[in-house]
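What follows is the content of protein34.txt (compact mmCIF, C-alpha atoms).
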```
# COMPACT_ATOMS: atom_id res chain seq x y z
CA MET L 1313 108.75 84.61 -21.97
CA LYS L 1314 107.04 86.80 -19.39
CA LYS L 1315 107.24 85.65 -15.78
CA LYS L 1316 106.33 86.99 -12.35
CA ILE L 1317 108.92 87.52 -9.62
CA VAL L 1318 107.65 87.02 -6.08
CA MET L 1319 108.71 87.97 -2.58
CA PRO L 1320 110.65 84.86 -1.53
CA LYS L 1321 109.61 83.00 1.60
CA LEU L 1322 113.02 83.09 3.24
CA ALA L 1323 112.06 81.22 6.40
CA SER L 1324 109.27 78.82 7.27
CA ASP L 1325 107.72 81.38 9.63
CA MET L 1326 108.13 84.39 7.32
CA LYS L 1327 104.74 85.96 6.59
CA THR L 1328 105.87 89.23 5.01
CA GLY L 1329 109.04 91.00 3.93
CA VAL L 1330 109.82 94.66 3.29
CA LEU L 1331 111.07 95.31 -0.23
CA CYS L 1332 113.75 97.78 0.75
CA ALA L 1333 115.62 98.55 -2.44
CA TRP L 1334 115.34 97.84 -6.14
CA LEU L 1335 118.75 97.03 -7.61
CA VAL L 1336 117.49 96.77 -11.20
CA GLU L 1337 115.41 99.47 -12.91
CA GLU L 1338 112.48 98.93 -15.28
CA GLY L 1339 113.77 98.19 -18.77
CA GLN L 1340 117.17 97.12 -17.47
CA SER L 1341 118.57 93.71 -18.40
CA PHE L 1342 120.17 91.36 -15.88
CA LYS L 1343 122.15 88.15 -15.83
CA LYS L 1344 121.47 85.00 -13.87
CA GLY L 1345 122.84 85.40 -10.35
CA GLU L 1346 122.68 89.20 -10.31
CA PRO L 1347 120.78 90.73 -7.37
CA LEU L 1348 117.38 92.15 -8.37
CA PHE L 1349 116.17 93.62 -5.08
CA GLU L 1350 116.79 93.59 -1.34
CA VAL L 1351 114.39 92.36 1.30
CA GLU L 1352 114.38 92.90 5.05
CA ALA L 1353 112.61 90.40 7.27
CA ASN L 1354 113.42 89.56 10.89
CA LYS L 1355 116.34 92.02 10.86
CA VAL L 1356 117.96 90.10 8.00
CA VAL L 1357 118.75 91.90 4.76
CA SER L 1358 118.75 89.44 1.86
CA SER L 1359 119.57 90.16 -1.74
CA VAL L 1360 117.28 88.28 -4.11
CA GLU L 1361 119.12 87.08 -7.18
CA ALA L 1362 117.90 86.38 -10.71
CA LEU L 1363 117.43 82.72 -11.52
CA GLU L 1364 117.95 83.34 -15.24
CA ASP L 1365 118.92 86.09 -17.70
CA GLY L 1366 116.18 88.60 -18.50
CA VAL L 1367 114.80 92.13 -18.60
CA LEU L 1368 112.79 93.74 -15.83
CA ILE L 1369 109.51 94.84 -17.38
CA SER L 1370 107.80 96.38 -14.38
CA GLN L 1371 108.34 96.87 -10.69
CA MET L 1372 105.01 96.06 -9.06
CA ALA L 1373 105.99 97.19 -5.56
CA GLU L 1374 107.63 100.33 -4.25
CA GLU L 1375 110.66 100.52 -2.00
CA GLY L 1376 109.44 100.30 1.59
CA ASP L 1377 106.34 98.24 0.77
CA GLU L 1378 105.62 95.30 3.04
CA ILE L 1379 104.78 92.36 0.77
CA ILE L 1380 103.20 89.08 1.71
CA ALA L 1381 105.52 86.09 1.23
CA GLU L 1382 105.20 84.76 -2.31
CA GLY L 1383 103.32 87.90 -3.38
CA VAL L 1384 104.22 89.30 -6.80
CA VAL L 1385 106.75 92.13 -6.86
CA ALA L 1386 107.82 92.31 -10.51
CA GLU L 1387 107.29 91.12 -14.05
CA ILE L 1388 110.27 90.05 -16.14
CA ASP L 1389 110.89 88.86 -19.66
CA THR L 1390 113.38 86.01 -19.88
CA LEU L 1391 115.66 85.84 -22.88
CA MET N 706 137.27 79.09 12.62
CA PHE N 707 139.56 81.99 11.69
CA TYR N 708 139.70 84.85 14.17
CA ILE N 709 140.43 88.57 13.82
CA ARG N 710 140.80 90.85 16.80
CA ASN N 711 140.23 94.18 15.10
CA GLU N 712 141.86 96.92 17.21
CA SER N 713 140.46 99.89 15.27
CA THR N 714 137.74 101.90 16.99
CA ASP N 715 136.97 104.01 13.90
CA PRO N 716 133.30 103.20 13.23
CA HIS N 717 133.40 104.05 9.52
CA TYR N 718 136.48 101.93 8.91
CA ASN N 719 135.11 99.06 10.98
CA GLN N 720 131.85 98.98 9.05
CA ALA N 721 133.81 99.05 5.80
CA LEU N 722 136.16 96.31 6.98
CA GLU N 723 133.21 94.09 7.84
CA GLU N 724 131.82 94.60 4.32
CA VAL N 725 135.21 93.88 2.71
CA LEU N 726 135.55 90.70 4.76
CA PHE N 727 132.01 89.63 3.86
CA CYS N 728 132.72 90.13 0.15
CA ASN N 729 136.19 88.58 0.12
CA PHE N 730 136.22 85.91 2.81
CA THR N 731 134.24 83.49 0.69
CA ASN N 732 135.48 80.17 2.06
CA GLY N 733 135.44 79.00 5.66
CA ASP N 734 134.27 80.63 8.87
CA LEU N 735 135.43 83.90 10.39
CA PHE N 736 134.91 85.37 13.85
CA MET N 737 135.86 88.96 14.68
CA ILE N 738 135.66 91.04 17.86
CA TRP N 739 135.80 94.83 17.62
CA GLN N 740 134.75 98.08 19.24
CA ASN N 741 133.71 101.53 18.11
CA ARG N 742 134.28 104.87 19.73
CA PRO N 743 130.93 106.53 20.64
CA CYS N 744 128.51 106.39 17.74
CA ALA N 745 125.05 105.31 16.67
CA VAL N 746 124.65 102.55 14.13
CA CYS N 747 121.39 102.50 12.18
CA GLY N 748 119.87 99.61 10.28
CA LYS N 749 120.25 99.62 6.50
CA PHE N 750 116.72 100.84 5.78
CA GLN N 751 116.18 103.22 8.67
CA ASN N 752 115.63 106.96 8.92
CA PRO N 753 118.41 108.35 11.16
CA TYR N 754 116.53 111.67 11.42
CA GLU N 755 113.63 109.80 12.94
CA GLU N 756 115.71 107.58 15.20
CA LEU N 757 118.31 109.94 16.60
CA ASN N 758 118.69 113.13 18.56
CA LEU N 759 120.88 114.92 16.01
CA ARG N 760 121.60 117.83 18.36
CA PHE N 761 123.21 115.33 20.74
CA PHE N 762 125.50 114.06 17.97
CA SER N 763 126.47 117.59 16.97
CA GLU N 764 127.34 118.56 20.54
CA ASN N 765 129.06 115.30 21.51
CA ASP N 766 131.15 114.73 18.39
CA ALA N 767 129.68 111.25 17.98
CA ALA N 768 129.37 109.59 14.58
CA ILE N 769 126.28 108.23 12.87
CA ILE N 770 126.76 105.12 10.76
CA ARG N 771 124.43 103.24 8.43
CA ARG N 772 125.23 99.54 8.44
CA ASN N 773 124.54 96.81 5.90
CA THR N 774 122.25 94.65 8.02
CA GLY N 775 118.62 95.05 9.00
CA GLY N 776 116.95 95.99 12.25
CA GLY N 777 117.11 99.04 14.47
CA THR N 778 119.52 101.61 15.83
CA VAL N 779 122.10 100.72 18.46
CA TYR N 780 124.58 102.76 20.48
CA HIS N 781 128.26 101.79 20.53
CA ASP N 782 131.00 103.04 22.82
CA GLU N 783 134.17 101.73 24.43
CA GLY N 784 132.08 99.78 26.94
CA ASN N 785 130.40 97.80 24.18
CA TYR N 786 131.95 94.92 22.24
CA ASN N 787 130.81 93.86 18.79
CA TYR N 788 131.27 90.46 17.27
CA SER N 789 130.86 89.39 13.64
CA ILE N 790 130.57 85.91 12.18
CA ILE N 791 130.87 85.22 8.45
CA THR N 792 130.06 81.73 7.24
CA ASP N 793 127.95 79.72 4.79
CA TYR N 794 124.23 80.44 4.72
CA GLN N 795 122.23 77.33 5.51
CA GLY N 796 119.08 78.52 3.81
CA ASP N 797 116.47 79.01 6.48
CA GLY N 798 115.97 82.75 6.70
CA ALA N 799 116.78 84.21 10.09
CA GLU N 800 119.38 81.85 11.47
CA TYR N 801 119.73 83.50 14.86
CA ASP N 802 119.77 80.41 17.09
CA ARG N 803 122.77 79.08 15.19
CA PHE N 804 124.88 82.03 16.37
CA LEU N 805 123.17 83.14 19.56
CA LEU N 806 123.03 79.79 21.36
CA PRO N 807 126.83 79.29 21.30
CA MET N 808 127.33 82.87 22.51
CA ILE N 809 124.80 82.33 25.31
CA GLN N 810 126.64 79.13 26.30
CA ILE N 811 129.93 81.03 26.45
CA LEU N 812 128.40 83.75 28.61
CA GLN N 813 126.91 81.12 30.90
CA ASN N 814 130.31 79.42 31.18
CA LEU N 815 131.63 82.77 32.42
CA GLY N 816 128.97 82.78 35.12
CA ILE N 817 126.58 85.19 33.38
CA GLN N 818 122.91 84.18 33.51
CA ALA N 819 122.34 84.92 29.84
CA GLU N 820 119.30 83.68 27.96
CA LEU N 821 117.67 84.05 24.57
CA GLY N 822 115.28 87.00 24.34
CA GLY N 823 112.90 87.03 21.38
CA LYS N 824 114.43 85.94 18.09
CA SER N 825 117.59 87.97 17.98
CA GLU N 826 118.47 89.19 21.47
CA ILE N 827 120.40 87.96 24.47
CA GLN N 828 119.06 89.03 27.84
CA ILE N 829 119.84 88.85 31.53
CA GLY N 830 116.75 88.76 33.72
CA GLY N 831 114.59 90.06 30.88
CA LYS N 832 116.90 93.01 30.11
CA LYS N 833 118.75 93.18 26.80
CA ILE N 834 122.54 92.85 26.76
CA SER N 835 122.92 91.96 23.08
CA GLY N 836 121.10 92.72 19.85
CA SER N 837 121.96 91.18 16.52
CA ALA N 838 121.22 91.45 12.82
CA GLN N 839 122.24 89.73 9.62
CA THR N 840 122.70 90.04 5.90
CA VAL N 841 122.63 87.23 3.36
CA SER N 842 124.17 87.33 -0.10
CA ARG N 843 125.46 84.78 -2.61
CA GLY N 844 125.20 81.84 -0.23
CA ARG N 845 127.04 83.54 2.63
CA ILE N 846 125.74 85.09 5.82
CA LEU N 847 127.08 87.87 8.01
CA HIS N 848 125.78 87.79 11.56
CA HIS N 849 126.84 90.52 13.95
CA GLY N 850 125.84 91.53 17.42
CA THR N 851 126.57 93.83 20.31
CA LEU N 852 127.62 92.86 23.83
CA LEU N 853 126.95 95.65 26.32
CA PHE N 854 129.68 95.17 28.90
CA ASP N 855 129.81 98.54 30.65
CA SER N 856 128.37 101.02 28.17
CA ASN N 857 127.28 104.49 29.16
CA LEU N 858 123.54 103.82 29.33
CA ARG N 859 122.75 107.48 30.05
CA LYS N 860 124.29 108.47 26.72
CA LEU N 861 122.35 105.70 25.05
CA MET N 862 119.12 107.21 26.37
CA GLU N 863 120.12 110.72 25.27
CA MET N 864 121.01 109.52 21.81
CA THR N 865 117.61 107.94 21.22
CA ASN N 866 115.53 110.59 22.91
CA ARG N 867 113.33 111.35 19.92
CA ASP N 868 109.72 112.21 19.30
CA SER N 869 109.52 109.87 16.34
CA GLN N 870 105.79 110.40 15.80
CA ARG N 871 106.62 113.67 14.02
CA TYR N 872 108.05 111.64 11.11
CA LEU N 873 106.10 109.75 8.48
CA SER N 874 107.92 107.25 6.26
CA LYS N 875 108.22 103.60 5.28
CA ALA N 876 111.58 103.28 7.03
CA VAL N 877 112.19 100.35 9.37
CA LYS N 878 111.49 101.39 12.97
CA SER N 879 113.62 100.57 16.01
CA ASN N 880 112.15 98.60 18.90
CA LYS N 881 112.89 100.19 22.22
CA ALA N 882 114.25 97.77 24.83
CA ILE N 883 115.23 97.89 28.49
CA VAL N 884 118.96 97.24 28.60
CA THR N 885 121.53 96.32 31.22
CA ASN N 886 125.32 96.02 31.30
CA ILE N 887 126.95 92.60 31.62
CA ALA N 888 129.42 94.05 34.16
CA GLU N 889 126.54 94.48 36.61
CA HIS N 890 125.98 90.72 36.57
CA ILE N 891 129.53 89.38 36.85
CA ASP N 892 132.12 89.87 39.58
CA GLY N 893 135.80 90.50 39.09
CA MET N 894 136.01 90.94 35.32
CA THR N 895 137.29 94.11 33.72
CA ARG N 896 136.38 95.60 30.36
CA LYS N 897 139.75 94.48 28.94
CA GLU N 898 139.42 90.92 30.27
CA PHE N 899 135.96 90.37 28.77
CA PRO N 900 136.95 89.84 25.09
CA LEU N 901 139.87 87.64 26.15
CA ALA N 902 137.44 85.45 28.08
CA ILE N 903 135.15 85.23 25.04
CA GLU N 904 138.12 84.26 22.84
CA LYS N 905 139.15 81.49 25.23
CA GLN N 906 135.66 80.04 25.35
CA TRP N 907 134.99 80.12 21.60
CA LYS N 908 136.03 76.81 20.10
CA GLU N 909 139.14 76.38 17.94
CA LEU N 910 139.83 79.98 16.99
CA GLN N 911 142.77 80.38 14.62
CA PRO N 912 144.06 83.98 14.83
CA ILE N 913 144.86 85.73 11.55
CA THR N 914 145.88 89.27 10.69
CA ILE N 915 143.93 91.37 8.22
CA PRO N 916 145.67 91.15 4.83
CA GLU N 917 147.08 94.55 3.84
CA GLU N 918 145.11 94.49 0.60
CA TRP N 919 141.82 94.14 2.51
CA ARG N 920 142.81 96.77 5.05
CA LEU N 921 143.48 99.27 2.25
CA ALA N 922 140.23 98.28 0.53
CA ALA N 923 138.38 98.94 3.79
CA GLU N 924 139.96 102.38 4.18
CA LYS N 925 138.94 103.23 0.62
CA LEU N 926 135.40 101.96 1.16
CA ALA N 927 135.13 103.91 4.42
CA ASP N 928 135.96 107.12 2.52
CA GLU N 929 133.84 106.40 -0.53
CA LYS N 930 130.77 105.00 1.24
CA TYR N 931 130.51 104.98 5.01
CA ARG N 932 131.76 108.54 5.61
CA THR N 933 129.56 110.04 2.91
CA PHE N 934 126.30 111.94 3.30
CA TYR N 935 125.05 109.96 0.29
CA TRP N 936 125.19 106.64 2.18
CA THR N 937 124.44 107.65 5.76
CA PHE N 938 121.61 110.14 5.15
CA GLY N 939 120.98 109.98 1.40
CA LYS N 940 119.83 106.37 1.65
CA THR N 941 117.03 107.40 3.99
CA PRO N 942 113.62 106.49 2.57
CA PRO N 943 111.58 109.60 1.62
CA PHE N 944 109.83 111.05 4.65
CA SER N 945 107.54 113.85 5.80
CA PHE N 946 107.95 115.80 9.01
CA CYS N 947 105.54 117.96 11.00
CA GLY N 948 106.65 119.55 14.25
CA GLU N 949 106.03 122.45 16.60
CA HIS N 950 108.31 124.14 19.11
CA PRO N 951 107.38 126.14 22.22
CA SER N 952 109.27 129.13 20.78
CA GLY N 953 106.50 129.55 18.19
CA TRP N 954 107.90 127.66 15.21
CA LYS N 955 105.65 125.30 13.28
CA ILE N 956 107.47 123.43 10.51
CA GLU N 957 106.42 120.94 7.88
CA TYR N 958 108.81 119.53 5.32
CA ARG N 959 109.46 116.61 3.05
CA ALA N 960 112.89 115.13 2.35
CA VAL N 961 113.98 112.79 -0.41
CA HIS N 962 117.46 111.22 -0.22
CA GLY N 963 118.13 113.48 2.76
CA VAL N 964 117.46 116.68 0.80
CA ILE N 965 114.58 119.07 1.56
CA THR N 966 112.06 119.02 -1.31
CA GLU N 967 109.15 120.89 0.31
CA PHE N 968 109.21 123.28 3.25
CA THR N 969 106.55 125.26 5.09
CA ALA N 970 107.27 127.38 8.15
CA TYR N 971 105.16 129.50 10.48
CA PHE N 972 106.58 131.60 13.30
CA CYS N 973 104.01 132.66 15.92
CA GLY N 974 101.30 132.11 13.31
CA GLU N 975 103.03 134.16 10.58
CA TYR N 976 103.76 132.34 7.32
CA ARG N 977 107.48 132.57 6.50
CA GLN N 978 107.46 131.97 2.75
CA GLU N 979 111.04 133.15 2.30
CA LEU N 980 112.32 130.16 4.29
CA ALA N 981 110.89 127.71 1.75
CA LEU N 982 112.79 129.49 -1.02
CA LEU N 983 115.98 129.37 1.01
CA LEU N 984 115.75 125.81 2.33
CA VAL N 985 114.28 123.69 -0.48
CA GLY N 986 117.18 121.86 -2.12
CA ARG N 987 119.40 121.97 0.95
CA PRO N 988 120.65 118.69 2.44
CA LEU N 989 119.45 117.94 5.97
CA ILE N 990 122.82 118.30 7.67
CA TYR N 991 122.37 119.54 11.23
CA ASP N 992 125.61 121.51 11.59
CA GLU N 993 125.33 123.13 8.16
CA LEU N 994 121.72 124.17 8.73
CA LEU N 995 122.61 125.58 12.15
CA SER N 996 125.42 127.64 10.64
CA TRP N 997 123.11 128.86 7.88
CA ALA N 998 120.32 129.75 10.32
CA SER N 999 122.72 131.55 12.68
CA ALA N 1000 124.00 133.67 9.80
CA TYR N 1001 120.53 134.31 8.37
CA PHE N 1002 118.76 135.30 11.61
CA GLN N 1003 121.86 136.92 13.19
CA ASP N 1004 120.51 135.39 16.39
CA GLU N 1005 121.73 132.13 17.92
CA ILE N 1006 118.58 131.54 19.95
CA THR N 1007 116.22 131.86 16.97
CA ALA N 1008 118.49 129.63 14.90
CA ARG N 1009 118.69 127.00 17.63
CA ASN N 1010 114.93 127.06 18.14
CA LEU N 1011 114.34 126.55 14.42
CA LEU N 1012 116.72 123.58 14.40
CA ASP N 1013 115.17 122.13 17.55
CA CYS N 1014 111.82 122.29 15.77
CA MET N 1015 113.16 120.75 12.54
CA PHE N 1016 114.94 117.72 14.07
```
Could you write out this structure as structure tokens?
Amino acid sequence: MKKKIVMPKLASDMKTGVLCAWLVEEGQSFKKGEPLFEVEANKVVSSVEALEDGVLISQMAEEGDEIIAEGVVAEIDTL
Amino acid sequence: MFYIRNESTDPHYNQALEEVLFCNFTNGDLFMIWQNRPCAVCGKFQNPYEELNLRFFSENDAAIIRRNTGGGTVYHDEGNYNYSIITDYQGDGAEYDRFLLPMIQILQNLGIQAELGGKSEIQIGGKKISGSAQTVSRGRILHHGTLLFDSNLRKLMEMTNRDSQRYLSKAVKSNKAIVTNIAEHIDGMTRKEFPLAIEKQWKELQPITIPEEWRLAAEKLADEKYRTFYWTFGKTPPFSFCGEHPSGWKIEYRAVHGVITEFTAYFCGEYRQELALLLVGRPLIYDELLSWASAYFQDEITARNLLDCMF
């Protein structure tokens, strides 16, 4: 089933986060708990982990892009 | 809380040790105090070319380190203490108050008029004495910060003396701050006494030694990651540069993963096409480019001017 992955709102006052690094490439499969990408907000680097097994269909943001909290960054297909 | 007094001042090893501890110390709380010999430490997603005066680092034998946490570039030397805290993440993003307020209380107990500055700084009278940053992974958080006790502030200024507007990239930028040394605000405490005073004030520290297995893992990680061009410069987000130098050089280039991918040079208005052929594909390593330019031009001054224009 296709699903969207969003920029997590990591703190109540977080408005945006910088998507700093993709850790999974398009077409690559991942397991639940594996880190998908890294975010920097308020000098905190957070790795965002998969909530379920799946395949990354498309990265919808580039490394270095500042994304609004809860904005879409990727599309995945869950297994 | 477990406590490690890390006596190494090797910045690459220390950064690696912190990562090994963060990955392996998965239960309980850990506090560590440590120092680095003179070096600059950049945030994980920064452009060191943009942040630093690379000529200064070449001439002063100071290291450049890329760390694992966010934020900007800081200067470390023997007058600066670093502290790290590894514990459970409580799930509310930037948890700075949780770590900074106890440290501020300790400093106040020592008679230092420390106060919170912004979200992640400690200040005295509006001047920064401590910056901090964090990383969060798998339910754990690493918080670390600096404590400027009696750092060489002149060197700090020289290190960061950059015309950063010549660079264009998506890298995280440093915020410039007015800084002061703690030693200027406390009487009768030496550099060596300061960490001992912090240790005494921090509640219920239980000293431990670094397990040999983790120490060896940190040495390996220092070699395989933190000392490499791939990590320190290769992780730089792609950037473009455009600069001029009074000697007559005008340079534009683009670099991806720290390697020159496009290069255009003019000297006193004359297009120097041959330099593009020679420089595209070369890594942006200051000392190597200076050696190459010195050999190519057979003239130290021309080589130095080219490098001063490029960095």
Stretch 918-930 of chain N: axis-aligned bounding box, 4 Å on each side, centre and edge lengths in Å, one decimal, as lines of an AutoDock Vina configuration file:
```
center_x = 137.9
center_y = 100.6
center_z = 2.3
size_x = 22.3
size_y = 21.0
size_z = 13.6
```
Check: So, counting all atoms listed in the file, which residue among L:Glu1387, L:Glu1338, L:Glu1364, L:Glu1378 is closest to L:Glu1352?
Finding: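 Looking only at the distances to L:Glu1352, the closest residue turns out to be L:Glu1378.
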Checklist line | Top pick for closest residue to N:Glu712, considering N:Asp855, N:Asp992, N:Asp766, N:Glu783 and counting only C-alpha atoms | finding: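 Counting only C-alpha atoms, the residue closest to N:Glu712 is N:Glu783.
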Margin query: Nearest residue to chain N out of L:Val1356, L:Glu1350, L:Met1326, L:Ile1317, using all atoms listed in the file?
Written below: L:Val1356
Next item on the list: Within 9 Å of (130.9, 97.7, 10.8) (coordinates as in the file), grab all the protein and nucleic acid residues, counting all atoms listed in the file, and write them out as a list of chain:residue names.
Entry: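 Nearby residues: N:Pro716, N:His717, N:Tyr718, N:Asn719, N:Gln720, N:Ala721, N:Leu722, N:Glu723, N:Glu724, N:Trp739, N:Asn741, N:Val746, N:Ile770, N:Arg771, N:Arg772, N:Asn773, N:Asn787, N:Ser789, N:His849.
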Margin query: Could you work out which residues of chain L fall inside 8 Å of chain N? Count all atoms listed in the file, and format the result as a PyMOL selection string.
Written below: chain L and resi 1322-1324+1332+1352-1359+1376-1377
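Coordinates place atom CA of N:Ser835 at a distance of 9.2 Å from atom CA of N:Gly822.
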Check: Could you work out how far atom CA of L:Pro1320 lies from atom CA of L:Ser1341, giving the answer in Å with one decimal?
Finding: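 Distance between the two atoms: 20.6 Å.
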Next item on the list: Give the answer as one residue: which of N:Tyr991, N:Phe730, N:Phe968, N:Trp907 has the shortest atom-to-atom distance to N:Phe934, using all atoms listed in the file?
Entry: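 The shortest atom-to-atom distance to N:Phe934 comes from N:Tyr991.
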Checklist line | Nearby residues (only C-alpha atoms) at most 7 Å from stretch 912-919 of chain N, same-chain spacing under 2 positions excluded, as a ChimeraX atom specification | finding: /N:707-709,725,910,921-923
Check: If you measure from atom CA of N:Asn785 to atom CA of N:Thr895, what distance in Å do you get, rounded to one decimal?
Finding: 12.3 Å
Notebook entry, point to check: In terms of the shortest atom-to-atom distance over only C-alpha atoms, which of N:Thr966, N:Gln978, N:Gln740, N:Thr885 is closest to N:Phe946?
Noted result: N:Thr966
Next item on the list: With a distance cut-off of 7 Å and only C-alpha atoms, select the neighbouring residues of L:Glu1382, excluding the residue or stretch itself and same-chain residues fewer than 4 positions from it, and output the selection as number ranges by chain.
Entry: L: 1318-1321
Check: In terms of the shortest atom-to-atom distance over all atoms listed in the file, which of N:Arg920, N:Lys955, N:Lys833, N:Lys905 is closest to N:Glu975?
Finding: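 Of all the options, N:Lys955 lies closest to N:Glu975.
Residues with any atom within 9 Å of L:Met1313, counting all atoms listed in the file and excluding same-chain neighbours fewer than 5 positions away, are L:Ile1388, L:Asp1389, L:Thr1390, L:Leu1391.
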Write the selection just made, keeping C-alpha atoms, as a PDB file, keeping the file's coordinate frame?
```pdb
ATOM      1  CA  ILE L1388     110.270  90.050 -16.140  1.00  0.00           C
ATOM      2  CA  ASP L1389     110.890  88.860 -19.660  1.00  0.00           C
ATOM      3  CA  THR L1390     113.380  86.010 -19.880  1.00  0.00           C
ATOM      4  CA  LEU L1391     115.660  85.840 -22.880  1.00  0.00           C
TER       5      LEU L1391
END
```
Could you add the missing atoms to stretch 711-717 of chain N, up to all heavy atoms, and return them as a PDB file, in the frame of the given file?
```pdb
ATOM      1  N   ASN N 711     140.071  92.899  15.783  1.00  0.00           N
ATOM      2  CA  ASN N 711     140.230  94.180  15.100  1.00  0.00           C
ATOM      3  C   ASN N 711     140.403  95.287  16.151  1.00  0.00           C
ATOM      4  O   ASN N 711     139.488  95.548  16.936  1.00  0.00           O
ATOM      5  CB  ASN N 711     138.995  94.438  14.232  1.00  0.00           C
ATOM      6  CG  ASN N 711     138.986  95.810  13.614  1.00  0.00           C
ATOM      7  OD1 ASN N 711     140.017  96.475  13.532  1.00  0.00           O
ATOM      8  ND2 ASN N 711     137.817  96.245  13.184  1.00  0.00           N
ATOM      9  N   GLU N 712     141.556  95.939  16.165  1.00  0.00           N
ATOM     10  CA  GLU N 712     141.860  96.920  17.210  1.00  0.00           C
ATOM     11  C   GLU N 712     141.380  98.330  16.872  1.00  0.00           C
ATOM     12  O   GLU N 712     141.439  99.220  17.710  1.00  0.00           O
ATOM     13  CB  GLU N 712     143.369  96.962  17.483  1.00  0.00           C
ATOM     14  CG  GLU N 712     143.967  95.646  17.973  1.00  0.00           C
ATOM     15  CD  GLU N 712     143.524  95.273  19.380  1.00  0.00           C
ATOM     16  OE1 GLU N 712     142.934  96.141  20.069  1.00  0.00           O
ATOM     17  OE2 GLU N 712     143.747  94.109  19.777  1.00  0.00           O
ATOM     18  N   SER N 713     140.922  98.541  15.640  1.00  0.00           N
ATOM     19  CA  SER N 713     140.460  99.890  15.270  1.00  0.00           C
ATOM     20  C   SER N 713     139.156 100.212  15.990  1.00  0.00           C
ATOM     21  O   SER N 713     138.285  99.349  16.162  1.00  0.00           O
ATOM     22  CB  SER N 713     140.219  99.949  13.757  1.00  0.00           C
ATOM     23  OG  SER N 713     139.483 101.112  13.438  1.00  0.00           O
ATOM     24  N   THR N 714     139.021 101.458  16.413  1.00  0.00           N
ATOM     25  CA  THR N 714     137.740 101.900  16.990  1.00  0.00           C
ATOM     26  C   THR N 714     137.092 102.971  16.114  1.00  0.00           C
ATOM     27  O   THR N 714     136.205 103.692  16.562  1.00  0.00           O
ATOM     28  CB  THR N 714     137.936 102.456  18.424  1.00  0.00           C
ATOM     29  OG1 THR N 714     138.863 103.547  18.361  1.00  0.00           O
ATOM     30  CG2 THR N 714     138.429 101.391  19.379  1.00  0.00           C
ATOM     31  N   ASP N 715     137.551 103.065  14.862  1.00  0.00           N
ATOM     32  CA  ASP N 715     136.970 104.010  13.900  1.00  0.00           C
ATOM     33  C   ASP N 715     135.703 103.362  13.311  1.00  0.00           C
ATOM     34  O   ASP N 715     135.789 102.376  12.582  1.00  0.00           O
ATOM     35  CB  ASP N 715     138.002 104.279  12.793  1.00  0.00           C
ATOM     36  CG  ASP N 715     137.450 105.170  11.685  1.00  0.00           C
ATOM     37  OD1 ASP N 715     136.208 105.318  11.583  1.00  0.00           O
ATOM     38  OD2 ASP N 715     138.254 105.692  10.906  1.00  0.00           O
ATOM     39  N   PRO N 716     134.528 103.896  13.639  1.00  0.00           N
ATOM     40  CA  PRO N 716     133.300 103.200  13.230  1.00  0.00           C
ATOM     41  C   PRO N 716     133.104 103.109  11.722  1.00  0.00           C
ATOM     42  O   PRO N 716     132.541 102.121  11.234  1.00  0.00           O
ATOM     43  CB  PRO N 716     132.188 104.025  13.889  1.00  0.00           C
ATOM     44  CG  PRO N 716     132.789 105.331  14.253  1.00  0.00           C
ATOM     45  CD  PRO N 716     134.250 105.101  14.431  1.00  0.00           C
ATOM     46  N   HIS N 717     133.560 104.116  10.984  1.00  0.00           N
ATOM     47  CA  HIS N 717     133.400 104.050   9.520  1.00  0.00           C
ATOM     48  C   HIS N 717     134.298 102.975   8.920  1.00  0.00           C
ATOM     49  O   HIS N 717     133.869 102.181   8.084  1.00  0.00           O
ATOM     50  CB  HIS N 717     133.717 105.422   8.897  1.00  0.00           C
ATOM     51  CG  HIS N 717     132.843 106.527   9.397  1.00  0.00           C
ATOM     52  ND1 HIS N 717     133.248 107.421  10.357  1.00  0.00           N
ATOM     53  CD2 HIS N 717     131.570 106.855   9.100  1.00  0.00           C
ATOM     54  CE1 HIS N 717     132.270 108.273  10.608  1.00  0.00           C
ATOM     55  NE2 HIS N 717     131.241 107.950   9.862  1.00  0.00           N
TER      56      HIS N 717
END
```
